[in-house]
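Before any comments, here is the structure.
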Amino acid sequence: MRLPGAPTVSPDGRTAVVAVSRLEFAADSYTSQLWLLRTDGSAAPTQLTHGWHDSAPRISPDGRWLAFLRATKAAGSRAGGAKAEHDGAPQLCVLPLAGGEPRRLTDLPLGAGTPAWSPDSARLAFSARVPAEGRYGTGKTEDGEKIGADGEAPRRITRYFYRVDGLGFLLDRPAHLFVADLDGSLTQVTDGERSHGDPVWSPDGRSLAFVSEQHDTWGDDLAADVCVMPADGGEIRALTDTTLSVGLCRWAPDGRSVLFTASLAGEGRVDPVVRNESLWSVPVEGGTATQLLDPEAYTLAAPGGDIAATDRGVLFTNEHRGAVQLLRVPFDGGTPEVLLDGERQVAGFGVAGDTVVATIAGLADWGEVYAGDLKLSDFSAGVTALEQVEINATAPDGYPVHGWVVKPAGDGPHPVLLMIHGGPFAQYGWRLFDEAQVYAGAGYAVVYGNPRGSSGYGEAHGRAVRGNVGEVTATDLLALLDAALAEDDLDADRVGVLGGSHGGFMTTWLAGRHGDRFKAAISERAVNAIDSFQGSSDIGWVFADSLYGADGGSFEQQSPLTYAGKIDIPMLIIHSEQDWRCPVEQAQRLFVALKRRGTPVELLLFPGEGHELSRSGRPSHRVARFDAILEWFGRHV
């Protein structure tokens, strides 16, 4: 499996560079290298770098240099045997595109972030987390030995948002902005407790725009603002008014405004969840931000969505009924032009002038690179895929439900798995999906879709579940399942259900409320008890009230654990020990409740993994997870 990322395009539009990652089972890890492509398709892609993990390529505006991030395999040795202090963290490198060796510009304790070139190609700006003194490997004993994490001083917590799954603690390693010259000189241009993310240069090269939390209640809400400051350091000025949660920002070509994506932040912790991330513009010299897209109809794709400002408008990746489109939005708003559409997903893009190069994931590949309609790569050569067939259902209240089924080869009737996505504000879609392919390849018909609560169908579709998540979502999921079971080659007497995160929540809910429909269940990394989730999850402090507590919703009534006493079908609970999004206590409480009841239940715990196990965990753990799922359903379905 080779997965191309977002391309970067040379200023003349003739070449593109893309990072291509793959699983490396021998090292039980992931590796990534950079590949060069000709946008006229005149030559096959060629591998440009050979590092262990090269990513985030950016071609300079003059076309001479390629900046990228390089991470080493693990802490190791440099030539001559001297141990590299910060091996393993991604560091900023530059490579002459005319030929030569890459040169490393940084040696930062926690690594560097994605670089952005200055317009004159002389400097690079980026964001990097800076450890507090004595933390994250910077502390030493009196004998000069490095102090490990378990020997550090205690942390004093004063704000809600102090940690995040997959990263760790935030309060003692804020992200700051740096500017690097090509000679390797490095200047940190921000400081303090607040974080500053993903800088971009103004067209004249004098200023940086970025996203930061400059308001007094930072860390206690989800608000973030578009900010600007001189590129050499100085006063930070917020352009927005702290009513928005800003994601990405880019300068308009004329330098008079900053374009950005944002959703409504709400008042404090009230109602910020399940919101479309729309496109906005704000004047640099001050003024009111203007929304350029209808927030009900359009939302930035997640994860990996992006925007880019061109002379003809703003490019925007948009979720739409399981697809991810590439839109061009007029600078003054209005109806966007659809540049790329269809039963596929735009996974990333780069642009130079009129040349748009996009990585697009389809129904039979993991992602290929295109220049317009011209396919430039064949990274998924040899991949075979079972057909993904669209199905449409109608819920009892008349609401339409959209989804898909992937059937195994051969005649049925096939056993069936109902698979439920996380979020809930996320979407399954038009692309090759490893989960569906693995289960269908093992002989199951896999049914999955986007019930109310999902993204990509308008904001109202997502917000329809607030305050009544389990009941509303179950109505749509069962309607979708019934529509699939209407086919003669699916066996309605052999149905299993599974899902992770919100999908795990719904799996436990369905097992307790509609267990007669299923032979067995697998609940992964789930929210099972909202009361403890509120305090133990990294996002529980805001997520619980906004999603489950909306409009007088009751945590007890909406918690799947409340109905554990009605679960009689065999259940496998899968969880990661280091999951901070849905902490392991959520699995433990369900396991004990079912064990006490006498329900057939097993708990599979993965060490060293967080919430993203199924997508980015160790390859060996991902395989072990698939093996366990297939064994469980093989035993019970």
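FYI, nothing fancy with the structure tokens labels: chains A, B, ... in order, residues from 1 per chain, ligands from 1 as they appear.
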
Find the spatial neighbours of Trp366 of chain A, counting only C-alpha atoms, within a cut-off of 12 Å - ignore same-chain residues fewer than 5 positions away - and output them as a ChimeraX atom specification. /A:1-5,20-22,344-347,359-361,377-385,430-434,437

Could the residues in this selection be saved with N, CA and C atoms as a PDB file, in the first residue's frame?
ATOM      1  N   MET A   1       0.845  -1.190   0.000  1.00  0.00           N
ATOM      2  CA  MET A   1       0.000   0.000   0.000  1.00  0.00           C
ATOM      3  C   MET A   1       0.886   1.248   0.000  1.00  0.00           C
ATOM      4  N   ARG A   2       0.783   2.068  -1.061  1.00  0.00           N
ATOM      5  CA  ARG A   2       1.526   3.331  -1.135  1.00  0.00           C
ATOM      6  C   ARG A   2       0.516   4.477  -1.189  1.00  0.00           C
ATOM      7  N   LEU A   3       0.686   5.448  -0.298  1.00  0.00           N
ATOM      8  CA  LEU A   3      -0.275   6.532  -0.144  1.00  0.00           C
ATOM      9  C   LEU A   3       0.385   7.874  -0.459  1.00  0.00           C
ATOM     10  N   PRO A   4       0.054   8.494  -1.591  1.00  0.00           N
ATOM     11  CA  PRO A   4       0.598   9.823  -1.883  1.00  0.00           C
ATOM     12  C   PRO A   4      -0.120  10.907  -1.103  1.00  0.00           C
ATOM     13  N   GLY A   5       0.625  11.930  -0.697  1.00  0.00           N
ATOM     14  CA  GLY A   5       0.052  13.053   0.026  1.00  0.00           C
ATOM     15  C   GLY A   5      -0.280  14.204  -0.902  1.00  0.00           C
ATOM     16  N   VAL A  20       5.210  10.060  -0.605  1.00  0.00           N
ATOM     17  CA  VAL A  20       4.504   8.784  -0.734  1.00  0.00           C
ATOM     18  C   VAL A  20       4.880   7.923   0.472  1.00  0.00           C
ATOM     19  N   SER A  21       3.891   7.588   1.274  1.00  0.00           N
ATOM     20  CA  SER A  21       4.142   6.809   2.486  1.00  0.00           C
ATOM     21  C   SER A  21       3.677   5.373   2.294  1.00  0.00           C
ATOM     22  N   ARG A  22       4.232   4.488   3.110  1.00  0.00           N
ATOM     23  CA  ARG A  22       3.838   3.078   3.059  1.00  0.00           C
ATOM     24  C   ARG A  22       4.127   2.436   4.418  1.00  0.00           C
ATOM     25  N   ARG A 344     -15.312  10.106  -5.938  1.00  0.00           N
ATOM     26  CA  ARG A 344     -13.909  10.057  -5.535  1.00  0.00           C
ATOM     27  C   ARG A 344     -13.679  11.150  -4.498  1.00  0.00           C
ATOM     28  N   GLN A 345     -12.473  11.191  -3.937  1.00  0.00           N
ATOM     29  CA  GLN A 345     -12.150  12.185  -2.920  1.00  0.00           C
ATOM     30  C   GLN A 345     -10.811  12.841  -3.228  1.00  0.00           C
ATOM     31  N   VAL A 346     -10.801  14.173  -3.279  1.00  0.00           N
ATOM     32  CA  VAL A 346      -9.557  14.927  -3.417  1.00  0.00           C
ATOM     33  C   VAL A 346      -8.855  14.907  -2.068  1.00  0.00           C
ATOM     34  N   ALA A 347      -7.702  14.241  -2.017  1.00  0.00           N
ATOM     35  CA  ALA A 347      -6.981  14.068  -0.755  1.00  0.00           C
ATOM     36  C   ALA A 347      -5.939  15.153  -0.517  1.00  0.00           C
ATOM     37  N   THR A 359      -3.983  15.017  -5.643  1.00  0.00           N
ATOM     38  CA  THR A 359      -3.996  13.607  -5.271  1.00  0.00           C
ATOM     39  C   THR A 359      -5.440  13.223  -5.025  1.00  0.00           C
ATOM     40  N   ILE A 360      -5.905  12.212  -5.743  1.00  0.00           N
ATOM     41  CA  ILE A 360      -7.317  11.822  -5.702  1.00  0.00           C
ATOM     42  C   ILE A 360      -7.411  10.343  -5.381  1.00  0.00           C
ATOM     43  N   ALA A 361      -8.181  10.024  -4.346  1.00  0.00           N
ATOM     44  CA  ALA A 361      -8.438   8.639  -3.966  1.00  0.00           C
ATOM     45  C   ALA A 361      -9.737   8.190  -4.613  1.00  0.00           C
ATOM     46  N   SER A 377       0.493   9.179 -12.029  1.00  0.00           N
ATOM     47  CA  SER A 377       1.133   8.144 -11.220  1.00  0.00           C
ATOM     48  C   SER A 377       0.363   6.831 -11.309  1.00  0.00           C
ATOM     49  N   ASP A 378       1.007   5.795 -10.794  1.00  0.00           N
ATOM     50  CA  ASP A 378       0.375   4.480 -10.719  1.00  0.00           C
ATOM     51  C   ASP A 378       0.840   3.798  -9.432  1.00  0.00           C
ATOM     52  N   PHE A 379       0.699   4.523  -8.321  1.00  0.00           N
ATOM     53  CA  PHE A 379       1.201   4.029  -7.042  1.00  0.00           C
ATOM     54  C   PHE A 379       0.402   2.824  -6.530  1.00  0.00           C
ATOM     55  N   SER A 380      -0.835   2.656  -7.018  1.00  0.00           N
ATOM     56  CA  SER A 380      -1.666   1.539  -6.568  1.00  0.00           C
ATOM     57  C   SER A 380      -1.666   0.384  -7.563  1.00  0.00           C
ATOM     58  N   ALA A 381      -0.643   0.334  -8.413  1.00  0.00           N
ATOM     59  CA  ALA A 381      -0.577  -0.743  -9.407  1.00  0.00           C
ATOM     60  C   ALA A 381      -0.667  -2.102  -8.719  1.00  0.00           C
ATOM     61  N   GLY A 382      -1.506  -2.970  -9.263  1.00  0.00           N
ATOM     62  CA  GLY A 382      -1.658  -4.305  -8.709  1.00  0.00           C
ATOM     63  C   GLY A 382      -2.717  -4.439  -7.646  1.00  0.00           C
ATOM     64  N   VAL A 383      -3.287  -3.309  -7.191  1.00  0.00           N
ATOM     65  CA  VAL A 383      -4.329  -3.361  -6.168  1.00  0.00           C
ATOM     66  C   VAL A 383      -5.635  -3.859  -6.792  1.00  0.00           C
ATOM     67  N   THR A 384      -6.294  -4.782  -6.129  1.00  0.00           N
ATOM     68  CA  THR A 384      -7.610  -5.240  -6.549  1.00  0.00           C
ATOM     69  C   THR A 384      -8.624  -4.850  -5.486  1.00  0.00           C
ATOM     70  N   ALA A 385      -9.821  -4.553  -5.925  1.00  0.00           N
ATOM     71  CA  ALA A 385     -10.833  -4.078  -4.988  1.00  0.00           C
ATOM     72  C   ALA A 385     -12.189  -4.665  -5.333  1.00  0.00           C
ATOM     73  N   TRP A 430     -16.696   7.921  -1.003  1.00  0.00           N
ATOM     74  CA  TRP A 430     -16.359   7.336  -2.289  1.00  0.00           C
ATOM     75  C   TRP A 430     -14.851   7.175  -2.387  1.00  0.00           C
ATOM     76  N   ARG A 431     -14.341   6.119  -1.781  1.00  0.00           N
ATOM     77  CA  ARG A 431     -12.926   5.817  -1.904  1.00  0.00           C
ATOM     78  C   ARG A 431     -12.677   4.398  -1.403  1.00  0.00           C
ATOM     79  N   LEU A 432     -11.567   3.833  -1.824  1.00  0.00           N
ATOM     80  CA  LEU A 432     -11.172   2.508  -1.364  1.00  0.00           C
ATOM     81  C   LEU A 432     -10.954   2.555   0.141  1.00  0.00           C
ATOM     82  N   PHE A 433     -11.599   1.645   0.855  1.00  0.00           N
ATOM     83  CA  PHE A 433     -11.609   1.677   2.313  1.00  0.00           C
ATOM     84  C   PHE A 433     -11.115   0.327   2.818  1.00  0.00           C
ATOM     85  N   ASP A 434      -9.990   0.340   3.547  1.00  0.00           N
ATOM     86  CA  ASP A 434      -9.370  -0.918   3.952  1.00  0.00           C
ATOM     87  C   ASP A 434     -10.293  -1.768   4.817  1.00  0.00           C
ATOM     88  N   GLN A 437     -12.884  -3.535   2.655  1.00  0.00           N
ATOM     89  CA  GLN A 437     -12.257  -4.512   1.771  1.00  0.00           C
ATOM     90  C   GLN A 437     -11.799  -5.754   2.539  1.00  0.00           C
TER      91      GLN A 437
END

Closest atom pairs, segment 343-446 of chain A residues within 8 Å of segment 619-631 of chain A, only C-alpha atoms, as JSON lines:
{"residue": "A:Val438", "atom": "CA", "partner": "A:Phe626", "partner_atom": "CA", "distance": 7.9}
{"residue": "A:Tyr439", "atom": "CA", "partner": "A:Leu630", "partner_atom": "CA", "distance": 7.4}
{"residue": "A:Ala442", "atom": "CA", "partner": "A:Leu630", "partner_atom": "CA", "distance": 7.6}

Create the file for the chosen residues now, containing N, CA, C and O atoms and written as an mmCIF file, in the first residue's frame.
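What ended up in part.cif:
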data_model
loop_
_atom_site.group_PDB
_atom_site.id
_atom_site.type_symbol
_atom_site.label_atom_id
_atom_site.label_comp_id
_atom_site.auth_asym_id
_atom_site.auth_seq_id
_atom_site.Cartn_x
_atom_site.Cartn_y
_atom_site.Cartn_z
ATOM 1 N N VAL A 438 -11.254 -5.555 3.731
ATOM 2 C CA VAL A 438 -10.790 -6.693 4.535
ATOM 3 C C VAL A 438 -11.967 -7.585 4.927
ATOM 4 O O VAL A 438 -11.927 -8.812 4.781
ATOM 5 N N TYR A 439 -13.046 -6.989 5.419
ATOM 6 C CA TYR A 439 -14.175 -7.787 5.879
ATOM 7 C C TYR A 439 -14.900 -8.447 4.708
ATOM 8 O O TYR A 439 -15.312 -9.612 4.799
ATOM 9 N N ALA A 442 -13.110 -11.371 3.515
ATOM 10 C CA ALA A 442 -13.243 -12.531 4.399
ATOM 11 C C ALA A 442 -14.620 -13.175 4.299
ATOM 12 O O ALA A 442 -14.914 -14.119 5.036
#

Any idea what's packed within 6 Å of segment 415-429 of chain A, counting only C-alpha atoms, ignoring anything in its chain fewer than 6 positions away? Could you give it as a list of chain:residue names? A:Val274, A:Gly322, A:Ala323, A:Tyr444, A:Ala445, A:Val446, A:Val447, A:Tyr448, A:Asn450, A:Gly453, A:Ser454, A:Ser455, A:Asp491, A:Arg494, A:Val495, A:Gly496, A:Val497, A:Leu498, A:Gly499, A:Gly500, A:Ser501, A:His502, A:Gly503

I'd like to know which of A:Lys519, A:His50, A:Arg589, A:His320 is closest to Glu459 of chain A, using only C-alpha atoms.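 With only C-alpha atoms as the atom set, the closest residue is A:His320.
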
Please list as a VMD selection string every residue within 8 Å of Leu572 of chain A, counting only C-alpha atoms and excluding residues in the same chain fewer than 3 positions away. chain A and resid 521 to 523 601 to 604 632

According to DSSP computed on the backbone, where in segment 335-476 of chain A is there strand (DSSP E or B)? Give the residues as a PyMOL selection string. chain A and resi 337-340+345-352+355-361+368-371+374-375+388-394+400-406+414-420+445-449

Only N, CA and C atoms, please: the residues just picked out, written as a compact mmCIF listing (two decimals), in the first residue's frame.
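Result written to selection-v1.txt:
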# COMPACT_ATOMS: atom_id res chain seq x y z
N GLU A 337 -17.28 27.53 -8.22
CA GLU A 337 -17.12 26.68 -9.40
C GLU A 337 -16.54 25.35 -8.96
N VAL A 338 -17.13 24.27 -9.44
CA VAL A 338 -16.64 22.94 -9.10
C VAL A 338 -15.56 22.54 -10.11
N LEU A 339 -14.32 22.40 -9.63
CA LEU A 339 -13.21 22.04 -10.51
C LEU A 339 -13.02 20.53 -10.60
N LEU A 340 -13.16 19.84 -9.49
CA LEU A 340 -13.01 18.38 -9.46
C LEU A 340 -14.17 17.81 -8.68
N GLN A 345 -12.47 11.19 -3.94
CA GLN A 345 -12.15 12.18 -2.92
C GLN A 345 -10.81 12.84 -3.23
N VAL A 346 -10.80 14.17 -3.28
CA VAL A 346 -9.56 14.93 -3.42
C VAL A 346 -8.85 14.91 -2.07
N ALA A 347 -7.70 14.24 -2.02
CA ALA A 347 -6.98 14.07 -0.76
C ALA A 347 -5.94 15.15 -0.52
N GLY A 348 -5.64 15.96 -1.53
CA GLY A 348 -4.67 17.04 -1.39
C GLY A 348 -4.43 17.64 -2.77
N PHE A 349 -3.91 18.86 -2.79
CA PHE A 349 -3.65 19.50 -4.09
C PHE A 349 -2.56 20.53 -3.95
N GLY A 350 -1.98 20.89 -5.10
CA GLY A 350 -1.05 21.99 -5.21
C GLY A 350 -1.39 22.79 -6.44
N VAL A 351 -1.02 24.06 -6.46
CA VAL A 351 -1.39 24.91 -7.58
C VAL A 351 -0.26 25.88 -7.89
N ALA A 352 -0.05 26.14 -9.18
CA ALA A 352 0.88 27.17 -9.65
C ALA A 352 0.28 27.74 -10.93
N THR A 355 -2.11 25.74 -13.32
CA THR A 355 -1.87 24.31 -13.18
C THR A 355 -2.28 23.85 -11.79
N VAL A 356 -3.24 22.94 -11.74
CA VAL A 356 -3.68 22.34 -10.48
C VAL A 356 -3.33 20.86 -10.53
N VAL A 357 -2.55 20.42 -9.56
CA VAL A 357 -2.18 19.02 -9.43
C VAL A 357 -2.82 18.50 -8.15
N ALA A 358 -3.54 17.39 -8.25
CA ALA A 358 -4.30 16.88 -7.11
C ALA A 358 -4.03 15.41 -6.90
N THR A 359 -3.98 15.02 -5.64
CA THR A 359 -4.00 13.61 -5.27
C THR A 359 -5.44 13.22 -5.02
N ILE A 360 -5.91 12.21 -5.74
CA ILE A 360 -7.32 11.82 -5.70
C ILE A 360 -7.41 10.34 -5.38
N ALA A 361 -8.18 10.02 -4.35
CA ALA A 361 -8.44 8.64 -3.97
C ALA A 361 -9.74 8.19 -4.61
N GLU A 368 -4.03 8.47 -6.43
CA GLU A 368 -3.12 8.74 -7.53
C GLU A 368 -3.05 10.25 -7.76
N VAL A 369 -1.98 10.69 -8.44
CA VAL A 369 -1.76 12.11 -8.68
C VAL A 369 -2.21 12.46 -10.10
N TYR A 370 -2.96 13.55 -10.21
CA TYR A 370 -3.51 13.98 -11.49
C TYR A 370 -3.16 15.45 -11.74
N ALA A 371 -2.93 15.78 -13.01
CA ALA A 371 -2.88 17.16 -13.47
C ALA A 371 -4.09 17.34 -14.37
N LEU A 374 -5.35 14.28 -16.45
CA LEU A 374 -4.21 13.44 -16.80
C LEU A 374 -3.65 12.75 -15.56
N LYS A 375 -3.66 11.44 -15.57
CA LYS A 375 -3.14 10.66 -14.45
C LYS A 375 -1.62 10.59 -14.56
N GLN A 388 -17.80 -1.19 -4.60
CA GLN A 388 -18.54 -0.41 -3.62
C GLN A 388 -19.82 0.08 -4.30
N VAL A 389 -20.97 -0.39 -3.82
CA VAL A 389 -22.24 -0.10 -4.47
C VAL A 389 -23.06 0.86 -3.59
N GLU A 390 -23.56 1.91 -4.20
CA GLU A 390 -24.36 2.90 -3.49
C GLU A 390 -25.73 2.35 -3.15
N ILE A 391 -26.21 2.65 -1.94
CA ILE A 391 -27.58 2.32 -1.57
C ILE A 391 -28.22 3.54 -0.94
N ASN A 392 -29.53 3.65 -1.13
CA ASN A 392 -30.30 4.74 -0.54
C ASN A 392 -31.48 4.16 0.22
N ALA A 393 -31.72 4.69 1.40
CA ALA A 393 -32.79 4.18 2.25
C ALA A 393 -33.65 5.36 2.72
N THR A 394 -34.78 5.02 3.33
CA THR A 394 -35.66 6.03 3.90
C THR A 394 -35.99 5.63 5.33
N PRO A 400 -34.10 10.75 4.23
CA PRO A 400 -33.25 9.92 3.36
C PRO A 400 -31.93 9.57 4.02
N VAL A 401 -31.47 8.35 3.79
CA VAL A 401 -30.21 7.87 4.36
C VAL A 401 -29.37 7.32 3.22
N HIS A 402 -28.11 7.74 3.18
CA HIS A 402 -27.22 7.42 2.07
C HIS A 402 -26.08 6.52 2.55
N GLY A 403 -25.75 5.51 1.76
CA GLY A 403 -24.65 4.64 2.14
C GLY A 403 -24.20 3.73 1.02
N TRP A 404 -23.47 2.68 1.42
CA TRP A 404 -22.87 1.77 0.46
C TRP A 404 -22.88 0.35 1.02
N VAL A 405 -22.68 -0.59 0.12
CA VAL A 405 -22.44 -1.97 0.52
C VAL A 405 -21.32 -2.53 -0.34
N VAL A 406 -20.41 -3.24 0.28
CA VAL A 406 -19.35 -3.97 -0.42
C VAL A 406 -19.59 -5.45 -0.16
N HIS A 414 -24.79 -13.99 1.98
CA HIS A 414 -23.60 -13.66 2.74
C HIS A 414 -23.96 -13.16 4.14
N PRO A 415 -23.17 -13.51 5.14
CA PRO A 415 -23.33 -12.84 6.43
C PRO A 415 -23.01 -11.36 6.27
N VAL A 416 -23.54 -10.54 7.18
CA VAL A 416 -23.53 -9.08 7.00
C VAL A 416 -22.89 -8.42 8.22
N LEU A 417 -22.12 -7.37 7.96
CA LEU A 417 -21.60 -6.51 9.02
C LEU A 417 -22.08 -5.09 8.79
N LEU A 418 -22.72 -4.49 9.79
CA LEU A 418 -23.06 -3.08 9.78
C LEU A 418 -21.92 -2.33 10.44
N MET A 419 -21.27 -1.45 9.68
CA MET A 419 -20.08 -0.75 10.15
C MET A 419 -20.42 0.74 10.32
N ILE A 420 -20.02 1.32 11.46
CA ILE A 420 -20.45 2.67 11.83
C ILE A 420 -19.24 3.57 12.04
N ALA A 445 -20.72 -9.29 3.68
CA ALA A 445 -21.23 -8.10 3.02
C ALA A 445 -21.17 -6.96 4.03
N VAL A 446 -20.51 -5.86 3.68
CA VAL A 446 -20.28 -4.77 4.62
C VAL A 446 -21.19 -3.59 4.25
N VAL A 447 -22.02 -3.19 5.19
CA VAL A 447 -22.97 -2.09 4.99
C VAL A 447 -22.49 -0.90 5.82
N TYR A 448 -22.39 0.25 5.19
CA TYR A 448 -21.95 1.44 5.92
C TYR A 448 -22.48 2.69 5.23
N GLY A 449 -22.63 3.77 6.00
CA GLY A 449 -23.18 4.98 5.42
C GLY A 449 -23.08 6.16 6.35
